[in-house]
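A.B. asks: Dropping a structure here in structure tokens format, bear with me for questions.
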Amino acid sequence: MPSDDRTTIDPEKIPVHVAIIMDGNGRWAKKKLLNRVKGHEKGSDTVRTIVRVSRELGVRYLTLYAFSTENWGRPKAEVMALMSLLKKFIHSEKKEMMDHHIRLNALGQIHRLPGDVKETLKKAMDETRDNDGMCLNLALSYGSRDEITEMVRAIADKVKHGEIPLTAITEDMIASHLFTAGMPDPDLMIRTSGEMRISNFLMWQLSYAEIYFTPTLWPDFSEKEYLKIIADYQGRDRRFGKVAE
Ligand code: IPE
Ligand code: IPE
Ligand code: MG
């Protein structure tokens, strides 16, 4: 990797939490007259690259949107291919995660995943549990509306049983009932493929994230472009509703 790409990055201002909507695998394949699954396969190579670069830069949390609650509605063959790719990815990356102290975590309705995928995932999460390097969050069967619905149910249940008063419901308490409990909110959210929407991703957590949309399709997304986006992020003025100093 040419070192001059990294000299544009301020090591003191690395985003703590980066979230990515990895989109455009299908269109990448279509452009090449290939099956959509080939796009997902190529996309998993991009995942490896972005995990490595994030870790090398010192990003503490990397959250990747890999499968949404709505994606269950895709043709069965594509869903199965995505699940089998996921399993393959976790298997092949286990050593890399251990070598580099990455902790694997999953956000979403894990119970809906096929049994073998669930097992592989749980095992990898267990084995990497004590790793103190970057936390890699895979959003799997994840939907923000589902996450918020579950949070409301859990809190309502506590109120109903008299465990907490209404005044105990605070923003912090709500955050602690989401899949991202205990994690800082994303500083930077990137979506590839040119779509400018959130698609049910981290709606609570993205309140103050800097958002970057790129037309690049996920399989073509590179280390170089990622570094360019981080440099752009570092030039932004995050005011959080206040007045610039
Ligand atoms: C992103 O690529 C991967 C998943 C949503 C699982 P897509 O499969 O959505 O690709 P496009 O948007 O059809 O090009
Ligand atoms: C969002 O992409 C979900 C993931 C990247 C996993 P989609 O391709 O499913 O979203 P829409 O359909 O364009 O909104
Ligand atoms: Mg898509």
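Convention: chains lettered A, B, ... in structure tokens order; per-chain residue numbering from 1; ligands numbered from 1 as shown.
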Kindly provide, as an MDAnalysis selection string, all nucleotide and amino acid residues lying within 7 Å of ligand 2, counting only C-alpha atoms and all ligand atoms.

C.D. replies: chainID A and resid 21:24 65:68 70:71 195 197 199

A.B. asks: Can you spit out the residues from that selection as a PDB file, in the first residue's frame, using N, CA and C atoms?

C.D. replies:
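Below is the file selection.pdb, written as the result:
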ATOM      1  N   ILE A  21     -22.820   0.420   4.955  1.00  0.00           N
ATOM      2  CA  ILE A  21     -23.853  -0.316   4.212  1.00  0.00           C
ATOM      3  C   ILE A  21     -23.171  -0.782   2.930  1.00  0.00           C
ATOM      4  N   MET A  22     -22.865  -2.061   2.906  1.00  0.00           N
ATOM      5  CA  MET A  22     -22.085  -2.631   1.792  1.00  0.00           C
ATOM      6  C   MET A  22     -23.064  -2.981   0.676  1.00  0.00           C
ATOM      7  N   ASP A  23     -23.254  -2.072  -0.262  1.00  0.00           N
ATOM      8  CA  ASP A  23     -24.296  -2.280  -1.269  1.00  0.00           C
ATOM      9  C   ASP A  23     -23.711  -2.276  -2.684  1.00  0.00           C
ATOM     10  N   GLY A  24     -24.377  -3.011  -3.575  1.00  0.00           N
ATOM     11  CA  GLY A  24     -24.005  -2.977  -4.992  1.00  0.00           C
ATOM     12  C   GLY A  24     -23.393  -4.261  -5.525  1.00  0.00           C
ATOM     13  N   TYR A  65     -23.084  -3.851   7.565  1.00  0.00           N
ATOM     14  CA  TYR A  65     -24.453  -4.310   7.295  1.00  0.00           C
ATOM     15  C   TYR A  65     -24.351  -5.411   6.250  1.00  0.00           C
ATOM     16  N   ALA A  66     -24.508  -6.659   6.704  1.00  0.00           N
ATOM     17  CA  ALA A  66     -24.306  -7.798   5.809  1.00  0.00           C
ATOM     18  C   ALA A  66     -25.613  -8.406   5.333  1.00  0.00           C
ATOM     19  N   PHE A  67     -26.674  -8.289   6.164  1.00  0.00           N
ATOM     20  CA  PHE A  67     -27.958  -8.905   5.788  1.00  0.00           C
ATOM     21  C   PHE A  67     -29.064  -8.238   6.597  1.00  0.00           C
ATOM     22  N   SER A  68     -30.043  -7.690   5.898  1.00  0.00           N
ATOM     23  CA  SER A  68     -31.113  -6.971   6.597  1.00  0.00           C
ATOM     24  C   SER A  68     -32.312  -7.881   6.840  1.00  0.00           C
ATOM     25  N   GLU A  70     -35.139  -7.283   5.827  1.00  0.00           N
ATOM     26  CA  GLU A  70     -35.857  -7.285   4.541  1.00  0.00           C
ATOM     27  C   GLU A  70     -35.204  -8.225   3.524  1.00  0.00           C
ATOM     28  N   ASN A  71     -33.909  -8.485   3.680  1.00  0.00           N
ATOM     29  CA  ASN A  71     -33.214  -9.342   2.709  1.00  0.00           C
ATOM     30  C   ASN A  71     -33.715 -10.794   2.734  1.00  0.00           C
ATOM     31  N   GLU A 195     -26.844   4.507  -3.751  1.00  0.00           N
ATOM     32  CA  GLU A 195     -28.161   4.676  -3.130  1.00  0.00           C
ATOM     33  C   GLU A 195     -28.022   5.638  -1.964  1.00  0.00           C
ATOM     34  N   ARG A 197     -29.939   6.235   0.885  1.00  0.00           N
ATOM     35  CA  ARG A 197     -30.939   5.931   1.902  1.00  0.00           C
ATOM     36  C   ARG A 197     -30.302   5.077   2.992  1.00  0.00           C
ATOM     37  N   SER A 199     -32.056   2.451   4.615  1.00  0.00           N
ATOM     38  CA  SER A 199     -32.509   1.056   4.525  1.00  0.00           C
ATOM     39  C   SER A 199     -32.543   0.329   5.877  1.00  0.00           C
TER      40      SER A 199
END

A.B. asks: Quick one: contact table of segment 34-86 of chain A to segment 131-139 of chain A, 12 Å max, nearest atom pair and distance in Å to one decimal per residue, counting only C-alpha atoms, chain and number order, as JSON lines?

C.D. replies:
{"residue": "A:Val47", "atom": "CA", "partner": "A:Leu138", "partner_atom": "CA", "distance": 10.7}
{"residue": "A:Arg48", "atom": "CA", "partner": "A:Leu136", "partner_atom": "CA", "distance": 11.3}
{"residue": "A:Ile50", "atom": "CA", "partner": "A:Leu136", "partner_atom": "CA", "distance": 10.9}
{"residue": "A:Val51", "atom": "CA", "partner": "A:Leu136", "partner_atom": "CA", "distance": 7.8}
{"residue": "A:Arg52", "atom": "CA", "partner": "A:Met134", "partner_atom": "CA", "distance": 10.1}
{"residue": "A:Val53", "atom": "CA", "partner": "A:Met134", "partner_atom": "CA", "distance": 11.1}
{"residue": "A:Ser54", "atom": "CA", "partner": "A:Met134", "partner_atom": "CA", "distance": 8.3}
{"residue": "A:Arg55", "atom": "CA", "partner": "A:Met134", "partner_atom": "CA", "distance": 6.1}
{"residue": "A:Glu56", "atom": "CA", "partner": "A:Met134", "partner_atom": "CA", "distance": 9.5}
{"residue": "A:Leu57", "atom": "CA", "partner": "A:Met134", "partner_atom": "CA", "distance": 10.2}
{"residue": "A:Gly58", "atom": "CA", "partner": "A:Met134", "partner_atom": "CA", "distance": 7.5}
{"residue": "A:Val59", "atom": "CA", "partner": "A:Met134", "partner_atom": "CA", "distance": 6.6}
{"residue": "A:Arg60", "atom": "CA", "partner": "A:Met134", "partner_atom": "CA", "distance": 4.6}
{"residue": "A:Tyr61", "atom": "CA", "partner": "A:Cys135", "partner_atom": "CA", "distance": 4.8}
{"residue": "A:Leu62", "atom": "CA", "partner": "A:Leu136", "partner_atom": "CA", "distance": 5.1}
{"residue": "A:Thr63", "atom": "CA", "partner": "A:Asn137", "partner_atom": "CA", "distance": 4.5}
{"residue": "A:Leu64", "atom": "CA", "partner": "A:Leu138", "partner_atom": "CA", "distance": 5.1}
{"residue": "A:Tyr65", "atom": "CA", "partner": "A:Ala139", "partner_atom": "CA", "distance": 4.7}
{"residue": "A:Ala66", "atom": "CA", "partner": "A:Ala139", "partner_atom": "CA", "distance": 5.6}
{"residue": "A:Phe67", "atom": "CA", "partner": "A:Ala139", "partner_atom": "CA", "distance": 6.4}
{"residue": "A:Ser68", "atom": "CA", "partner": "A:Ala139", "partner_atom": "CA", "distance": 7.4}
{"residue": "A:Thr69", "atom": "CA", "partner": "A:Ala139", "partner_atom": "CA", "distance": 9.8}
{"residue": "A:Asn71", "atom": "CA", "partner": "A:Ala139", "partner_atom": "CA", "distance": 11.9}
{"residue": "A:Leu86", "atom": "CA", "partner": "A:Leu138", "partner_atom": "CA", "distance": 9.9}

A.B. asks: When you count only C-alpha atoms, which of these residues is closest to Leu82 of chain A: A:Gly39, A:Ala168, A:Phe179, A:His17?

C.D. replies: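 Ranked by minimum distance to Leu82 of chain A, first place goes to A:Gly39.
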
A.B. asks: Can you list, as a PyMOL selection string, all residues belonging to segment 52-181 of chain A that DSSP tags as alpha helix (DSSP H)?

C.D. replies: chain A and resi 52-57+76-99+115-127+144-160+171-175

A.B. asks: May I have a table of the residues of segment 126-209 of chain A lying at most 10 Å from segment 220-229 of chain A, giving each one's closest pair of atoms and their distance in Å to one decimal, counting only C-alpha atoms, ordered by chain and ascending residue number, as JSON lines?

C.D. replies:
{"residue": "A:Leu188", "atom": "CA", "partner": "A:Ile229", "partner_atom": "CA", "distance": 9.3}
{"residue": "A:Ile190", "atom": "CA", "partner": "A:Ile229", "partner_atom": "CA", "distance": 8.4}
{"residue": "A:Thr192", "atom": "CA", "partner": "A:Phe221", "partner_atom": "CA", "distance": 7.7}
{"residue": "A:Ser193", "atom": "CA", "partner": "A:Phe221", "partner_atom": "CA", "distance": 9.3}

A.B. asks: Would you mind exporting the chosen residues as an mmCIF file, in the first residue's frame, restricted to N, CA and C atoms?

C.D. replies:
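Below is the file that was written, selection.cif:
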data_model
loop_
_atom_site.group_PDB
_atom_site.id
_atom_site.type_symbol
_atom_site.label_atom_id
_atom_site.label_comp_id
_atom_site.auth_asym_id
_atom_site.auth_seq_id
_atom_site.Cartn_x
_atom_site.Cartn_y
_atom_site.Cartn_z
ATOM 1 N N LEU A 188 -18.904 7.731 11.621
ATOM 2 C CA LEU A 188 -18.924 7.825 10.160
ATOM 3 C C LEU A 188 -19.735 6.668 9.612
ATOM 4 N N ILE A 190 -20.810 4.987 5.923
ATOM 5 C CA ILE A 190 -20.546 4.984 4.481
ATOM 6 C C ILE A 190 -21.570 4.062 3.811
ATOM 7 N N THR A 192 -22.133 2.417 -0.053
ATOM 8 C CA THR A 192 -21.652 2.295 -1.428
ATOM 9 C C THR A 192 -22.839 2.107 -2.380
ATOM 10 N N SER A 193 -22.569 2.143 -3.649
ATOM 11 C CA SER A 193 -23.490 1.834 -4.760
ATOM 12 C C SER A 193 -24.387 2.975 -5.201
#

A.B. asks: How would you write, as a ChimeraX atom specification, the set of residues in segment 24-212 of chain A that DSSP gives as strand (DSSP E or B)?

C.D. replies: /A:61-68,103-107,135-142,188-191,210-212

A.B. asks: Any idea what's packed within 10 Å of Tyr212 of chain A, counting only C-alpha atoms, ignoring anything in its chain fewer than 2 positions away? Could you give it as a VMD selection string?

C.D. replies: chain A and resid 20 188 to 192 196 209 to 210 214 229 to 230 232 to 233

A.B. asks: Could you write those residues out with C-alpha atoms, as a short mmCIF file (atom, residue, chain, number, x, y, z; two decimals), in the first residue's frame?

C.D. replies:
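For reference, out_37.cif as written:
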data_model
loop_
_atom_site.label_atom_id
_atom_site.label_comp_id
_atom_site.auth_asym_id
_atom_site.auth_seq_id
_atom_site.Cartn_x
_atom_site.Cartn_y
_atom_site.Cartn_z
CA ILE A 20 -20.87 0.61 6.39
CA LEU A 188 -18.92 7.83 10.16
CA MET A 189 -21.45 5.92 8.03
CA ILE A 190 -20.55 4.98 4.48
CA ARG A 191 -22.94 3.58 1.88
CA THR A 192 -21.65 2.29 -1.43
CA MET A 196 -28.86 7.56 -0.77
CA ALA A 209 -22.96 10.25 12.31
CA GLU A 210 -21.21 11.90 9.40
CA THR A 214 -20.21 6.87 -2.85
CA ILE A 229 -13.39 9.08 2.81
CA ILE A 230 -11.70 9.07 6.21
CA ASP A 232 -12.87 13.82 4.09
CA TYR A 233 -14.50 12.92 7.42
#

A.B. asks: Please measure the separation of atom CA of Trp72 of chain A and atom CA of His111 of chain A, giving the value in Å to one decimal.

C.D. replies: 13.3 Å

A.B. asks: Of the residues A:Met83, A:Val159, A:Leu113, A:Ala29, which is the one nearest to ligand 3, using only C-alpha atoms and all ligand atoms?

C.D. replies: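 For ligand 3, the nearest of the given residues is A:Ala29.
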
A.B. asks: Of the candidates A:Ile14, A:Ile110, A:Ile148, A:Ala124, which shows the shortest atom-to-atom distance to Lys95 of chain A, using only C-alpha atoms?

C.D. replies: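 For Lys95 of chain A, the nearest of the given residues is A:Ala124.
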
A.B. asks: Find the residues near Leu85 of chain A: any atom within 12 Å, counting only C-alpha atoms, skip ones fewer than 3 places away on the same chain, and give them as an NGL selection string.

C.D. replies: :A and (37-45 or 47 or 66-67 or 78-82 or 88-93 or 117 or 120)

A.B. asks: So what do you get for atom CA of Gln205 of chain A versus atom CA of Met183 of chain A, distance-wise?

C.D. replies: 9.8 Å

A.B. asks: So which one's closest to ligand 3, A:Ile174, A:Ala231, A:Val243, A:Leu217? Using only C-alpha atoms and all ligand atoms, please.

C.D. replies: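 Between A:Ile174, A:Ala231, A:Val243, A:Leu217, the residue approaching ligand 3 most closely is A:Leu217.
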
A.B. asks: Of the residues A:Gly108, A:Pro75, A:Gly182, A:Gly241, which is the one nearest to Tyr142 of chain A, using only C-alpha atoms?

C.D. replies: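 Nearest to Tyr142 of chain A: A:Gly108.
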
A.B. asks: So which one's closest to ligand 1, A:His101, A:Phe240, A:Lys94, A:Leu140? Using only C-alpha atoms and all ligand atoms, please.

C.D. replies: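 Nearest to ligand 1: A:Leu140.
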